[in-house]
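Shown next: final26.cif, given as mmCIF, C-alpha atoms, pLDDT in the B column; chains and numbers go by the auth columns.
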```cif
data_start
loop_
_atom_site.group_PDB
_atom_site.id
_atom_site.type_symbol
_atom_site.label_atom_id
_atom_site.label_comp_id
_atom_site.label_asym_id
_atom_site.label_seq_id
_atom_site.Cartn_x
_atom_site.Cartn_y
_atom_site.Cartn_z
_atom_site.B_iso_or_equiv
_atom_site.auth_seq_id
_atom_site.auth_asym_id
ATOM 1 C CA MET A 1 0.000 0.000 0.000 35.00 1 A
ATOM 2 C CA ALA A 2 1.541 3.303 -1.106 38.00 2 A
ATOM 3 C CA GLY A 3 2.223 5.713 1.692 39.00 3 A
ATOM 4 C CA LEU A 4 2.001 3.041 4.386 35.00 4 A
ATOM 5 C CA LEU A 5 2.877 4.410 7.804 39.00 5 A
ATOM 6 C CA ALA A 6 3.416 2.599 11.043 40.00 6 A
ATOM 7 C CA ILE A 7 2.365 4.309 14.216 39.00 7 A
ATOM 8 C CA ALA A 8 4.026 2.721 17.183 39.00 8 A
ATOM 9 C CA VAL A 9 1.994 3.368 20.281 37.00 9 A
ATOM 10 C CA GLY A 10 4.358 3.030 23.196 41.00 10 A
ATOM 11 C CA SER A 11 6.356 0.173 21.666 38.00 11 A
ATOM 12 C CA GLY A 12 9.067 2.114 19.859 42.00 12 A
ATOM 13 C CA VAL A 13 8.627 0.000 16.708 38.00 13 A
ATOM 14 C CA GLY A 14 8.008 1.483 13.257 44.00 14 A
ATOM 15 C CA LEU A 15 8.133 0.445 9.595 40.00 15 A
ATOM 16 C CA ALA A 16 10.109 2.230 6.914 45.00 16 A
ATOM 17 C CA ALA A 17 8.120 4.791 4.948 45.00 17 A
ATOM 18 C CA PRO A 18 8.439 5.494 1.207 48.00 18 A
ATOM 19 C CA ALA A 19 11.466 7.355 -0.164 55.00 19 A
ATOM 20 C CA SER A 20 9.361 10.500 -0.612 70.00 20 A
ATOM 21 C CA ALA A 21 8.671 10.715 3.115 84.00 21 A
ATOM 22 C CA ALA A 22 9.920 13.446 5.400 94.00 22 A
ATOM 23 C CA HIS A 23 13.097 12.518 7.234 98.00 23 A
ATOM 24 C CA GLY A 24 12.925 12.302 11.017 98.00 24 A
ATOM 25 C CA GLU A 25 10.134 11.703 13.519 98.00 25 A
ATOM 26 C CA LEU A 26 6.730 13.138 14.235 97.00 26 A
ATOM 27 C CA ARG A 27 6.053 12.588 17.944 96.00 27 A
ATOM 28 C CA GLY A 28 3.336 12.907 20.530 93.00 28 A
ATOM 29 C CA THR A 29 3.270 11.990 24.191 90.00 29 A
ATOM 30 C CA HIS A 30 2.621 8.257 23.620 90.00 30 A
ATOM 31 C CA TRP A 31 3.080 7.795 19.855 93.00 31 A
ATOM 32 C CA PHE A 32 5.533 8.466 17.039 95.00 32 A
ATOM 33 C CA VAL A 33 5.917 8.006 13.299 97.00 33 A
ATOM 34 C CA THR A 34 9.346 7.619 11.716 97.00 34 A
ATOM 35 C CA ASN A 35 9.793 9.265 8.301 98.00 35 A
ATOM 36 C CA PRO A 36 6.106 10.258 8.036 97.00 36 A
ATOM 37 C CA SER A 37 4.385 10.736 4.684 96.00 37 A
ATOM 38 C CA GLY A 38 0.820 11.936 4.288 97.00 38 A
ATOM 39 C CA CYS A 39 -1.894 11.989 6.926 98.00 39 A
ATOM 40 C CA VAL A 40 -1.436 10.758 10.491 97.00 40 A
ATOM 41 C CA ASN A 41 -4.539 10.456 12.680 96.00 41 A
ATOM 42 C CA VAL A 42 -3.404 11.335 16.178 93.00 42 A
ATOM 43 C CA PRO A 43 -4.339 8.560 18.648 89.00 43 A
ATOM 44 C CA GLU A 44 -4.524 10.775 21.734 86.00 44 A
ATOM 45 C CA LEU A 45 -6.120 13.978 22.940 89.00 45 A
ATOM 46 C CA PRO A 46 -5.287 16.658 23.709 92.00 46 A
ATOM 47 C CA LEU A 47 -3.116 16.796 20.610 90.00 47 A
ATOM 48 C CA LYS A 48 0.559 17.596 21.152 93.00 48 A
ATOM 49 C CA VAL A 49 2.942 17.273 18.205 96.00 49 A
ATOM 50 C CA TYR A 50 6.719 17.530 18.210 98.00 50 A
ATOM 51 C CA ASN A 51 7.946 17.895 14.629 98.00 51 A
ATOM 52 C CA PHE A 52 11.435 16.405 14.459 98.00 52 A
ATOM 53 C CA THR A 53 11.283 16.136 10.645 98.00 53 A
ATOM 54 C CA ASN A 54 12.785 18.211 7.861 98.00 54 A
ATOM 55 C CA GLU A 55 9.307 19.229 6.595 98.00 55 A
ATOM 56 C CA TYR A 56 6.427 21.419 7.789 98.00 56 A
ATOM 57 C CA ALA A 57 3.564 19.612 9.561 98.00 57 A
ATOM 58 C CA LEU A 58 -0.033 20.793 9.067 98.00 58 A
ATOM 59 C CA VAL A 59 -2.431 20.197 11.978 97.00 59 A
ATOM 60 C CA TYR A 60 -6.046 19.653 10.854 97.00 60 A
ATOM 61 C CA GLN A 61 -9.198 20.090 12.913 96.00 61 A
ATOM 62 C CA ASN A 62 -10.678 16.749 11.819 96.00 62 A
ATOM 63 C CA ARG A 63 -9.460 13.186 11.428 96.00 63 A
ATOM 64 C CA ASP A 64 -8.143 12.083 8.027 98.00 64 A
ATOM 65 C CA CYS A 65 -6.621 15.564 7.485 98.00 65 A
ATOM 66 C CA THR A 66 -9.940 17.204 6.683 98.00 66 A
ATOM 67 C CA GLY A 67 -11.444 20.480 7.795 96.00 67 A
ATOM 68 C CA ALA A 68 -9.539 23.666 8.455 96.00 68 A
ATOM 69 C CA ILE A 69 -5.811 23.808 9.138 97.00 69 A
ATOM 70 C CA ALA A 70 -5.423 24.686 12.815 95.00 70 A
ATOM 71 C CA GLU A 71 -1.655 25.192 12.832 96.00 71 A
ATOM 72 C CA VAL A 72 1.514 24.874 10.765 98.00 72 A
ATOM 73 C CA ILE A 73 4.461 23.445 12.705 98.00 73 A
ATOM 74 C CA ALA A 74 7.914 24.251 11.345 98.00 74 A
ATOM 75 C CA PRO A 75 10.666 21.615 11.304 98.00 75 A
ATOM 76 C CA GLY A 76 11.951 21.317 14.877 98.00 76 A
ATOM 77 C CA GLY A 77 8.812 22.997 16.243 98.00 77 A
ATOM 78 C CA THR A 78 6.043 22.004 18.650 97.00 78 A
ATOM 79 C CA SER A 79 2.286 22.473 18.399 95.00 79 A
ATOM 80 C CA GLY A 80 0.664 25.142 20.538 93.00 80 A
ATOM 81 C CA ASP A 81 -2.298 25.280 22.906 90.00 81 A
ATOM 82 C CA PHE A 82 -4.865 26.094 20.199 87.00 82 A
ATOM 83 C CA SER A 83 -4.027 22.922 18.230 88.00 83 A
ATOM 84 C CA ALA A 84 -4.159 20.884 21.427 88.00 84 A
ATOM 85 C CA SER A 85 -7.800 21.819 21.894 89.00 85 A
ATOM 86 C CA ILE A 86 -9.041 21.194 18.336 91.00 86 A
ATOM 87 C CA GLY A 87 -6.421 19.241 16.334 91.00 87 A
ATOM 88 C CA ARG A 88 -7.155 15.639 15.341 95.00 88 A
ATOM 89 C CA SER A 89 -4.699 14.788 12.535 97.00 89 A
ATOM 90 C CA VAL A 90 -1.394 15.917 11.007 97.00 90 A
ATOM 91 C CA TRP A 91 -0.164 16.018 7.384 98.00 91 A
ATOM 92 C CA VAL A 92 3.540 15.825 6.509 97.00 92 A
ATOM 93 C CA ASP A 93 4.956 15.539 2.962 90.00 93 A
#
```
Can you present the structure in this file as structure tokens?
Amino acid sequence: MAGLLAIAVGSGVGLAAPASAAHGELRGTHWFVTNPSGCVNVPELPLKVYNFTNEYALVYQNRDCTGAIAEVIAPGGTSGDFSASIGRSVWVD
């Protein structure tokens, strides 16, 4: 399946993502995705995202990266309080 991502919830295990993925990790309190590509539905609320990738991360209000963009997180950045209250998914190219 193209764009397959593995979200390791507390286990520290992930699968390799496609070559077009961002390099690095997208992290939350109890989850992470290595070399993310595309949409990641965040498995915990409130949403907190640490963007340790080389790409911008877009926080969406709804699951499946739909609805309005709540925040743009720069590489090396962290989501803010507003995203924590309404964010449900994150897109990274």
What is the CA of Phe32 (chain A) to CA of Leu47 (chain A) distance in Å? 12.5 Å
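Relative to CA of Ser20 (chain A), CA of Leu45 (chain A) is found at 28.4 Å.
Residues matched by the PyMOL selection byres ((chain A and resi 52-54) around 6) in this file are His23, Gly24, Glu25, Leu26, Asn51, Glu55, Pro75 and Gly76 of chain A.
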Near Asp64 (chain A), within 10 Å and counting all atoms listed in the file, which residues show up once chain neighbours fewer than 3 positions away are dropped, as number ranges by chain? A: 38-42, 60-61, 67, 88-91
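Nearest to Ala21 (chain A) of all the residues A:Ala84, A:Ala68, A:Ala74, A:Val92 is A:Val92, counting all atoms listed in the file.
Across the structure, CA of Thr78 (chain A) and CA of Val49 (chain A) are spaced 5.7 Å apart.
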Can you tell me, as JSON, the centre and edge lengths (Å, one decimal) of the axis-aligned box enclosing all of region 46-53 of chain A's listed atoms after padding each side by 3 Å?
```
{"center_x": 3.1, "center_y": 17.0, "center_z": 17.2, "size_x": 22.7, "size_y": 7.8, "size_z": 19.1}
```
